[in-house]
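Colleague: Pasting a structure below so you can have a look.
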There are 6 protein chains.
Amino acid sequence: MFDVITFGEAMIRLSPPNFERLENAVSLDLKIGGSEANVAIALARLKLKTSWYSKLTDNSLGRRIENEIRKWNVDTNHLIWTADSRVGLYFLEFGSKPRPSKVIYDRKNSAISNISKNEIDWNYLGDTKLFHTSGITLALSENCREVVSSILDFCKSKNIITSFDINYRSKLWTIKEARDKLEPILSKIDIIISSENDIDLIFGYKGDFKEKAKKIKNEFKPKVVALTRGPESPLILDETGKILLGTGNRPNLIDRIGASDAFAGGIIYGYLKNDIEKGLQYAEAMSALKFSIPGDFAIINIEEIEEFIKTKKSTIDR
Amino acid sequence: MFDVITFGEAMIRLSPPNFERLENAVSLDLKIGGSEANVAIALARLKLKTSWYSKLTDNSLGRRIENEIRKWNVDTNHLIWTADSRVGLYFLEFGSKPRPSKVIYDRKNSAISNISKNEIDWNYLGDTKLFHTSGITLALSENCREVVSSILDFCKSKNIITSFDINYRSKLWTIKEARDKLEPILSKIDIIISSENDIDLIFGYKGDFKEKAKKIKNEFKPKVVALTRGPESPLILDETGKILLGTGNRPNLIDRIGASDAFAGGIIYGYLKNDIEKGLQYAEAMSALKFSIPGDFAIINIEEIEEFIKTKKSTIDR
Amino acid sequence: MFDVITFGEAMIRLSPPNFERLENAVSLDLKIGGSEANVAIALARLKLKTSWYSKLTDNSLGRRIENEIRKWNVDTNHLIWTADSRVGLYFLEFGSKPRPSKVIYDRKNSAISNISKNEIDWNYLGDTKLFHTSGITLALSENCREVVSSILDFCKSKNIITSFDINYRSKLWTIKEARDKLEPILSKIDIIISSENDIDLIFGYKGDFKEKAKKIKNEFKPKVVALTRGPESPLILDETGKILLGTGNRPNLIDRIGASDAFAGGIIYGYLKNDIEKGLQYAEAMSALKFSIPGDFAIINIEEIEEFIKTKKSTIDR
Amino acid sequence: MFDVITFGEAMIRLSPPNFERLENAVSLDLKIGGSEANVAIALARLKLKTSWYSKLTDNSLGRRIENEIRKWNVDTNHLIWTADSRVGLYFLEFGSKPRPSKVIYDRKNSAISNISKNEIDWNYLGDTKLFHTSGITLALSENCREVVSSILDFCKSKNIITSFDINYRSKLWTIKEARDKLEPILSKIDIIISSENDIDLIFGYKGDFKEKAKKIKNEFKPKVVALTRGPESPLILDETGKILLGTGNRPNLIDRIGASDAFAGGIIYGYLKNDIEKGLQYAEAMSALKFSIPGDFAIINIEEIEEFIKTKKSTIDR
Amino acid sequence: MFDVITFGEAMIRLSPPNFERLENAVSLDLKIGGSEANVAIALARLKLKTSWYSKLTDNSLGRRIENEIRKWNVDTNHLIWTADSRVGLYFLEFGSKPRPSKVIYDRKNSAISNISKNEIDWNYLGDTKLFHTSGITLALSENCREVVSSILDFCKSKNIITSFDINYRSKLWTIKEARDKLEPILSKIDIIISSENDIDLIFGYKGDFKEKAKKIKNEFKPKVVALTRGPESPLILDETGKILLGTGNRPNLIDRIGASDAFAGGIIYGYLKNDIEKGLQYAEAMSALKFSIPGDFAIINIEEIEEFIKTKKSTIDR
Amino acid sequence: MFDVITFGEAMIRLSPPNFERLENAVSLDLKIGGSEANVAIALARLKLKTSWYSKLTDNSLGRRIENEIRKWNVDTNHLIWTADSRVGLYFLEFGSKPRPSKVIYDRKNSAISNISKNEIDWNYLGDTKLFHTSGITLALSENCREVVSSILDFCKSKNIITSFDINYRSKLWTIKEARDKLEPILSKIDIIISSENDIDLIFGYKGDFKEKAKKIKNEFKPKVVALTRGPESPLILDETGKILLGTGNRPNLIDRIGASDAFAGGIIYGYLKNDIEKGLQYAEAMSALKFSIPGDFAIINIEEIEEFIKTKKSTIDR
């Protein structure tokens, strides 16, 4: 039995090295990433048994993605393979202040966007403690939304915990679309994770940070709400209505992509371990450490997390 | 006035360095290529005034393509830009004997595939001596076929010479589709260029190499037919019905992509210079030299072509 | 149940790029390799269920090895981990004719060399159809020899097929040592694989190639003997005493390391599929294709093998 | 008609990657740069029609320079080519605090240093709204000074606006030489641009920043003076005697070379658009954004400039 | 006659580029380093005549080390070569805050750890003004400790100045071992150099920084004590009992490895030049500049040190 | 006392990786090379005590050259340093058949071209058994020719053996100049080394290979003549008038630059060892092995030479 199954798209990520502009690039670093796969890998680093569920085109690009995710100890045996469609890509141009990093998505008509309920392996999905997906999956296509909705109903019927990261992406859908499609989904979720900025944008929230968590809880009735706000302290509103605050962190910036997925991993870990406080500590530690790691994945060890929590001090370990 | 306008798609080309497999790649070399752009650049190296016509998505990937082609002294001022669609890509995995090189096209729904006749700049197209395109453009979409057909009719009406490279790509269409769509087009062409292999596949030709050129001439009534056959000697069947044979070449293999476009460049050059024999010599020289040059483009100087024709001997020039 | 478990050491492989000399290197390409892991990966590419068994030091180098092997769909769940010892390394300096490639082993006192019978997971080992190891494992230490001997006895008791590649390495032991230690082991093996050169060196064989296979059979009573001889045709002597010859191949040389392991994979595949002829074809195809692939691993698809067997012709597939 | 023609030398720029010392470098990144070419490219990014005028040696290094500048949409059709002389180079060793970056010029006897008035294409030079050059060109040779002086007289006679960046380089000439040669030139200029540090060094200015701009205006009678002072706010003294101040910026440091040329581009743009305030905003934005871009060129889009002016906040745009 | 001979191990240093994790590395930068060799090179940059003494395995890895050290003008003619043993390695994973850099030593059973007194070239050792080694050498093996002890006695007998950097490495020995082995050695030393942190750890010192220097002096009777404490000001306690304080520095962090060796070099330089104040200035300057230089070695020029002392201001020198 | 002092220029060598064209290069590999330095290094690999004599500009490029040559165990303590002039460069564009490799020299006005007799250290030059230089040095400047002529006279007076490689470079001087300047020099030489092609070009020789060696001997009266002719067997005409022929070799081509210098090294080695036959064997072996080694230098070990002479067979040594 899996601890966690995550569902979503992973892409080939292509980025010019050394802050070069895409318009001038002569080579691209190739990494793999996608919010839900990132969460699965973060949890595998914490020794949970995780699986990633998705649909991929069966060519060397699709296999490149599977290989990479399997490498990090995430089960990929239940992927849906197709000869049609294409593999999703994203181009990432790293910026340096004051030039922002930029993403060009090239994921339209990718394999997962054509997924249908008939393809879903329900036995497999029934064999997990927790199911996780995010707003990005909803944004991909009507097919994806239908599949997610069905899976969430299935989870409810099987008492599988559901976790969801709102992850709003303005390049995939409008605020209005996001709100319309997210609302029915969020009502089916046990653990809602979001940045403050995303819920402000989508639901028009304003004012006190803690009140926003409570609004989410009132509106959608999840068990747990976890909110981040950049370098400031994140919070968790737990099942008892208690709010826990973290510490906030200002890590160096090597590669921030995937930091919020590492955070989600920590929250899920804490929930599954029945230790929501540890979950918040892990979430913050993994998110901060992720900033130092090239690529989407939080390639971190538990000892490093524990060390971070203890010291937060950078030295050479020799 | 331009000597040559070529029309077709150029793509971002992505290939793993050092014979690495795509399934294992961690970085990709980024080059630009596309048959008709390659021909334009080959001709610009020969000091002809050339322009490349196409439709591109207006983002940093589209501009990356324009930049590169302009860099090689090909006019790009008349490109059609769009905010929609996507930029065509192709992944090239270099093989080494006995492992073949492999191409994965990812060009569906690219900007040019949505081109429409209304977008065409007829004044610009009227301002050239020769117009060139290839079977790849036909294979991209019905829109492309309509536009090509209209342009060829326009060229006839303006006495603009038309040149066409059959360039069959099995990953873009079937043999039957290719035959059905090529036949009406070829009848409008002055200079037909092809590999022997392609016409064998599409038209079922067999037997004597020279007879095949004559069959093409009888069937489609071009002024000139130029045929290649790998390392063996190519031929030209000229306007007078005379057949010229080349010498054949077995160059080292650094990057063979674009060699047939370099060949087409030589043929067009000879035709425009009224020296079909020189055209064949240049075509062979440029094709052979192209094998030694990374990327799709025949970045060659006239002196190198002349030197090749004289000696074919590799030494260090110091 | 696994189709194949292989047992041996995998190392961090470090090689200067671009034929640079080690004495002058400023960077090293890092790959993973080791004969038995290579065989497991070759078989995983053929869709067999394979597992690799070994002992590794639990630091980021040891995990680097595990990650890479798992990436290629080989089970690594039963590895023995230790905090002590060190991770085996080998430095590979690529040569180009007339300069030979050179290997510096730095694997003394590596984790596996300290393995003991008490650490072996016998339940796991009992859960496979075939067990494979090689002479390299024997050469590592007396501990390794004891463990291999015990496992082979265990296999016999469980009717598990045993396969063994002689793989003589002069940098690990002398000819005399090899002969003394190999002889008792080979008597326990069902499938003996070797290069002609190795058996000539170790057993002093001379003369006819086929006769050598028969001598091995007479001496050690395996079911099957498979012999290679560089670019010349290899052979299999099967259970019925029939000898099959291959075709021989002269591939381009990108990276020959692991070609003989790819060959062994083909032989084992054929044996398990009850098609020894196909096994020889696959063995030759995989070995030849391996020459074109950087690194120890035969990252090849079945379709490529089938294509090779049909054509052996290098073209661009586009 | 061109909006701007700039005149000066562009060089091959060679720099060790990753802060490596030149004394220890085994590879060099090759970029192209030169103050006046940088200005032309900055202006081409702002959609002005620009041309770069210079003299180059006709070999692959000279063509490398032309290719690169044409790539960024700057006209290079009027360059003077020579078989003699050599192509200018500069070696750039990136430092990191407290180690300063270092430049070694290797541009003596380069093609432009031998330029003569007879080679100048006056028709071309007459076909622009504005002519720009800098103190670096004056420092190269007596020939260069004569040519610049003649061109400036010609501009006056044709009512072409003249712009000049003082750009003192201590490795090219002494302070005294600079002062002696700059004074007669500056009297012919409409737009004088400089760092505060350069005018302090050359003219011995001291004290209030704004007063220095006025002194320049009094001394040389330009229409406009623009002064920078590192991260502090720059200023413009406009035709009416009004002084505008900017905001100052402290960007991250990826590559500061060319930032002052990007600044000059902004000032010229504002002047030509009759909006000196926008000119200062653009100048500051382009200069700050340039710090984040590898190489001499300000590869920036207008939208990025507008975005910078609005927010100055670094986020991922996805 | 040499000014300085240093004795210790230098290793092949392997580090993933671009902050990549070792667990995910596909290439490693290869540098050479080792505390005592680093000191020798720092002193050679200051134009002293230096020699590095050690024992190396005679293969291309050992020669790689010798080549590199000789390259930086340190004599290597007296190295002890052996066919046995192995070359020491260390893997360095660069971190970025909050992830610490990590070192994995792989130097057990390296050539120097087997050194014996019989191999020592006493004539050579007698031909120097100063002998330097460090606590790392002591930590390597009992053999190393015996050899160091003998050499120090020899130095005393020949009036050769002895210098010693405590350099505690927790991955090589425990605090208790270090204390037990260091105490008899430190009593033989003229110049004791250490970080405050190391002496706190080993000798349990607490409280005032200056008092710690005096305690060292009282305890072991060296002529000079030099102590560092990270970015804070270091100190020297000189032969007359006077304490000099430095300024402290917070350099950017490119590669901090070797900074303390550069510091030691400065102290030794000052001592040999009879200018302990200059020694402290040089020590701080070299240490700070070292932070900006990739690799263990302080590849710095005297002019840069002088410039640093004057200004500490980062600008482009062009 | 040195065995050999060589005199000439070494340059920074810059070449685009992976067969890229200079016109399209974005990075350059940096190596060091120069015929006479190459010979010195070849001889140092053979354990002779060698020194390289030259004049260099004292900046980081000049020191880069010194560092590299010292690294390979060649004495550089007697170099003449200057603050003026510049460091010689050459750009090397690797070709692949049929595209030839190309060299662009950028060495005019380099430090050595301004050398004068007053700067020569005669004591140092008197302390060697053999002095070697080449026609390249003569081609650099009149100053160089005067210095070489004086040194050769000095050698004669001191009974120092003189060796000279004709090394004609058409990019440095014309055939006529070469002939006029070489003739008086060759009369002062003990060992004349050349390719057949060079003496054919310069002296108009034709016909039998052996006769050409004899003509050289008759004309200039050296003790020994050694001639190469590409992959064909070279020859030596020794002091007794006996002609020895080699075997000829067709190595793979990684980097042929410096192969003739490696050959010269072998010849000199044989002469100094009084074994002209071994000299020819070594010369051929080193030249052939050099083809496999990136860069100008013959980084080869004696064991590899001996192995080559025995087998010429490429295998992996593991």
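Identifiers in this document derive from the order of the structure tokens: chains are assigned A, B, ..., residues are numbered from 1 separately in each chain, and ligands are numbered from 1 in order of occurrence.
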Give the strand (DSSP E or B) residues of stretch 162-275 of chain F, as assigned by DSSP on the backbone, as a list in words.
Modeller: Thr162, Ser163, Phe164, Asp165, Ile191, Ile192, Ile193, Ser194, Ser195, Val224, Val225, Ala226, Leu227, Thr228, Arg229, Glu232, Ser233, Pro234, Leu235, Ile236, Leu237, Ile243, Leu244 and Leu245 of chain F
Colleague: Suppose we keep C-alpha atoms; can you now write the selection as a compact mmCIF listing (two decimals), in the first residue's frame?
Modeller:
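Wrote it out as out_11.txt, contents follow:
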```txt
# COMPACT_ATOMS: atom_id res chain seq x y z
CA THR F 162 72.38 22.37 -32.50
CA SER F 163 69.11 21.02 -33.77
CA PHE F 164 66.66 22.73 -36.13
CA ASP F 165 63.23 21.93 -37.51
CA ILE F 191 70.59 18.01 -36.75
CA ILE F 192 68.24 19.18 -39.49
CA ILE F 193 64.65 17.99 -39.26
CA SER F 194 61.97 18.65 -41.84
CA SER F 195 58.96 17.37 -43.64
CA VAL F 224 72.10 14.18 -39.13
CA VAL F 225 69.07 14.73 -41.36
CA ALA F 226 65.59 13.50 -40.37
CA LEU F 227 62.70 13.73 -42.81
CA THR F 228 59.01 12.95 -42.42
CA ARG F 229 56.35 12.46 -45.03
CA GLU F 232 54.45 7.30 -44.82
CA SER F 233 57.65 6.07 -43.28
CA PRO F 234 60.08 8.82 -42.21
CA LEU F 235 63.85 8.46 -42.48
CA ILE F 236 67.08 9.41 -40.77
CA LEU F 237 70.34 9.95 -42.55
CA ILE F 243 69.76 5.78 -43.98
CA LEU F 244 67.21 4.28 -41.55
CA LEU F 245 63.56 3.97 -42.50
```
Colleague: Let's see if you can do this: from backbone DSSP, list all alpha helix (DSSP H) residues in stretch 190-262 of chain B, as a list in words.
Modeller: Glu196, Asn197, Asp198, Ile199, Asp200, Leu201, Ile202, Phe203, Phe209, Lys210, Glu211, Lys212, Ala213, Lys214, Lys215, Ile216, Lys217, Asn218, Glu219, Phe220, Ala259, Ser260, Asp261 and Ala262 of chain B
Colleague: Select, as a PyMOL selection string, those residues of chain A with any atom no more than 12 Å from chain E (distances computed using only C-alpha atoms).
Modeller: chain A and resi 17-18+29+31+68+71-72+249-255+284-295+297-301+303-318
Colleague: Those residues you just picked out, can you put them in a file as a CSV table (one decimal), in the first residue's frame with N, CA and C atoms?
Modeller:
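Final output, saved to part-v6.csv:
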```csv
chain,number,residue,atom,x,y,z
A,17,PRO,N,21.7,27.9,-19.2
A,17,PRO,CA,22.6,28.0,-18.1
A,17,PRO,C,23.1,29.5,-17.9
A,18,ASN,N,23.6,29.8,-16.7
A,18,ASN,CA,24.3,31.0,-16.4
A,18,ASN,C,23.6,32.3,-16.7
A,29,ASP,N,19.9,23.4,-20.2
A,29,ASP,CA,19.9,22.4,-19.2
A,29,ASP,C,18.5,21.7,-19.2
A,31,LYS,N,16.0,19.4,-17.2
A,31,LYS,CA,15.6,18.8,-15.9
A,31,LYS,C,14.1,18.3,-16.1
A,68,GLU,N,13.5,9.6,-14.7
A,68,GLU,CA,14.0,10.6,-13.7
A,68,GLU,C,13.2,10.4,-12.4
A,71,LYS,N,14.0,7.3,-10.6
A,71,LYS,CA,15.3,7.4,-10.0
A,71,LYS,C,15.3,7.9,-8.6
A,72,TRP,N,14.3,8.7,-8.3
A,72,TRP,CA,14.2,9.3,-6.9
A,72,TRP,C,13.2,8.5,-6.1
A,249,ASN,N,11.9,32.4,6.4
A,249,ASN,CA,13.3,32.1,6.0
A,249,ASN,C,13.7,32.9,4.8
A,250,ARG,N,14.9,33.3,4.7
A,250,ARG,CA,15.4,34.1,3.6
A,250,ARG,C,16.6,33.4,3.0
A,251,PRO,N,16.4,32.3,2.3
A,251,PRO,CA,17.5,31.5,1.8
A,251,PRO,C,18.1,32.2,0.6
A,252,ASN,N,19.4,31.9,0.3
A,252,ASN,CA,20.0,32.3,-1.0
A,252,ASN,C,19.2,31.7,-2.1
A,253,LEU,N,19.3,32.2,-3.3
A,253,LEU,CA,18.4,31.8,-4.4
A,253,LEU,C,19.2,31.1,-5.5
A,254,ILE,N,19.2,29.8,-5.5
A,254,ILE,CA,19.8,29.1,-6.6
A,254,ILE,C,18.7,28.7,-7.6
A,255,ASP,N,17.6,28.2,-7.1
A,255,ASP,CA,16.6,27.7,-7.9
A,255,ASP,C,15.3,27.6,-7.1
A,284,GLU,N,8.8,24.0,6.2
A,284,GLU,CA,9.6,25.2,6.1
A,284,GLU,C,11.1,24.8,5.8
A,285,ALA,N,11.6,23.8,6.4
A,285,ALA,CA,13.0,23.4,6.2
A,285,ALA,C,13.2,23.0,4.8
A,286,MET,N,12.3,22.1,4.3
A,286,MET,CA,12.4,21.6,2.9
A,286,MET,C,12.3,22.7,1.9
A,287,SER,N,11.4,23.6,2.1
A,287,SER,CA,11.2,24.7,1.2
A,287,SER,C,12.4,25.6,1.2
A,288,ALA,N,13.0,25.9,2.3
A,288,ALA,CA,14.2,26.7,2.4
A,288,ALA,C,15.4,26.0,1.8
A,289,LEU,N,15.6,24.7,2.1
A,289,LEU,CA,16.7,24.0,1.5
A,289,LEU,C,16.5,23.8,0.0
A,290,LYS,N,15.3,23.7,-0.5
A,290,LYS,CA,15.0,23.6,-1.9
A,290,LYS,C,15.6,24.7,-2.7
A,291,PHE,N,15.6,25.9,-2.1
A,291,PHE,CA,16.1,27.1,-2.8
A,291,PHE,C,17.6,26.9,-3.2
A,292,SER,N,18.3,26.0,-2.5
A,292,SER,CA,19.7,25.8,-2.8
A,292,SER,C,20.0,24.7,-3.8
A,293,ILE,N,18.9,24.1,-4.3
A,293,ILE,CA,19.1,22.9,-5.1
A,293,ILE,C,18.6,23.1,-6.6
A,294,PRO,N,19.5,22.9,-7.5
A,294,PRO,CA,19.1,23.1,-8.9
A,294,PRO,C,18.0,22.0,-9.3
A,295,GLY,N,17.0,22.5,-10.0
A,295,GLY,CA,16.0,21.6,-10.5
A,295,GLY,C,14.7,21.7,-9.6
A,297,PHE,N,13.3,19.3,-8.0
A,297,PHE,CA,13.1,18.3,-6.9
A,297,PHE,C,13.8,18.7,-5.6
A,298,ALA,N,13.2,18.4,-4.5
A,298,ALA,CA,13.8,18.7,-3.2
A,298,ALA,C,14.7,17.5,-2.8
A,299,ILE,N,15.9,17.4,-3.4
A,299,ILE,CA,16.8,16.3,-3.1
A,299,ILE,C,17.5,16.6,-1.8
A,300,ILE,N,16.8,16.3,-0.7
A,300,ILE,CA,17.2,16.6,0.6
A,300,ILE,C,17.1,15.3,1.5
A,301,ASN,N,18.0,15.2,2.5
A,301,ASN,CA,17.9,14.1,3.4
A,301,ASN,C,17.3,14.5,4.7
A,303,GLU,N,18.3,14.0,7.6
A,303,GLU,CA,19.3,14.6,8.5
A,303,GLU,C,19.5,16.1,8.2
A,304,GLU,N,19.5,16.4,7.0
A,304,GLU,CA,19.7,17.8,6.6
A,304,GLU,C,18.5,18.7,7.1
A,305,ILE,N,17.3,18.1,7.1
A,305,ILE,CA,16.2,18.8,7.6
A,305,ILE,C,16.3,19.0,9.1
A,306,GLU,N,16.7,17.9,9.8
A,306,GLU,CA,16.8,18.0,11.2
A,306,GLU,C,17.9,19.0,11.6
A,307,GLU,N,19.0,19.0,10.8
A,307,GLU,CA,20.1,19.9,11.0
A,307,GLU,C,19.7,21.4,10.8
A,308,PHE,N,18.9,21.6,9.8
A,308,PHE,CA,18.4,22.9,9.5
A,308,PHE,C,17.5,23.4,10.6
A,309,ILE,N,16.7,22.6,11.1
A,309,ILE,CA,15.8,23.0,12.2
A,309,ILE,C,16.6,23.3,13.4
A,310,LYS,N,17.7,22.6,13.7
A,310,LYS,CA,18.5,22.9,14.8
A,310,LYS,C,19.3,24.2,14.6
A,311,THR,N,19.9,24.4,13.5
A,311,THR,CA,20.9,25.4,13.4
A,311,THR,C,20.7,26.6,12.4
A,312,LYS,N,20.2,26.2,11.2
A,312,LYS,CA,20.1,27.2,10.1
A,312,LYS,C,21.5,27.9,9.9
A,313,LYS,N,22.6,27.3,10.2
A,313,LYS,CA,23.9,28.0,10.1
A,313,LYS,C,24.7,27.3,9.0
A,314,SER,N,25.2,28.0,8.0
A,314,SER,CA,25.9,27.4,6.9
A,314,SER,C,27.4,27.3,7.2
A,315,THR,N,27.9,26.1,7.3
A,315,THR,CA,29.3,25.9,7.4
A,315,THR,C,29.7,24.8,6.5
A,316,ILE,N,31.0,24.6,6.4
A,316,ILE,CA,31.5,23.4,5.6
A,316,ILE,C,31.6,22.2,6.6
A,317,ASP,N,31.0,21.2,6.2
A,317,ASP,CA,31.0,20.0,7.0
A,317,ASP,C,32.2,19.1,6.6
A,318,ARG,N,33.3,19.1,7.3
A,318,ARG,CA,34.4,18.3,6.8
A,318,ARG,C,35.2,17.8,8.0
```
Colleague: Need to verify the contact set: B:Asp190, 12 Å, only C-alpha atoms, exclusion of same-chain residues closer than 5 positions in sequence. Can you return it as JSON, numbers by chain?
Modeller: {"B": [130, 131, 132, 133, 152, 155, 156, 159, 160, 161, 162, 163, 164, 165, 185, 216, 217, 220, 221, 222, 223, 224, 225, 226, 237, 238, 239, 268, 271]}
Colleague: At a cut-off of 7 Å, using only C-alpha atoms, what residues contact E:Ser27? Leave out same-chain residues fewer than 5 positions from it and give the result as JSON, numbers by chain.
Modeller: {"C": [27, 28, 29, 30], "E": [16]}
Colleague: Can you pull out every residue within 7 Å of F:Leu48, counting only C-alpha atoms, but drop anything in the same chain fewer than 4 positions away, and send it as a ChimeraX atom specification?
Modeller: /F:3,43-44
Colleague: Need to verify the contact set: A:Ala40, 12 Å, only C-alpha atoms, exclusion of same-chain residues closer than 5 positions in sequence. Can you return it as number ranges by chain?
Modeller: A: 2-8, 10, 33-35, 45-53, 69-70, 72-76, 130-133, 258, 261-266, 268-269, 296-299
Colleague: If we count only C-alpha atoms, what is near E:Leu138 at a cut-off of 8 Å, once residues fewer than 5 positions away on the same chain are taken out, given as a ChimeraX atom specification?
Modeller: /E:144-145,148,181-182
Colleague: Give me, please, the distance in Å between atom CA of F:Asp106 and atom CA of F:Asn77, quoted to one decimal.
Modeller: 25.8 Å
Colleague: From the options F:His78, F:Glu36, F:Asn197, F:Lys158, which residue's atoms come nearest to F:Gly135, counting only C-alpha atoms?
Modeller: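 The answer is F:Glu36, which sits nearest to F:Gly135.
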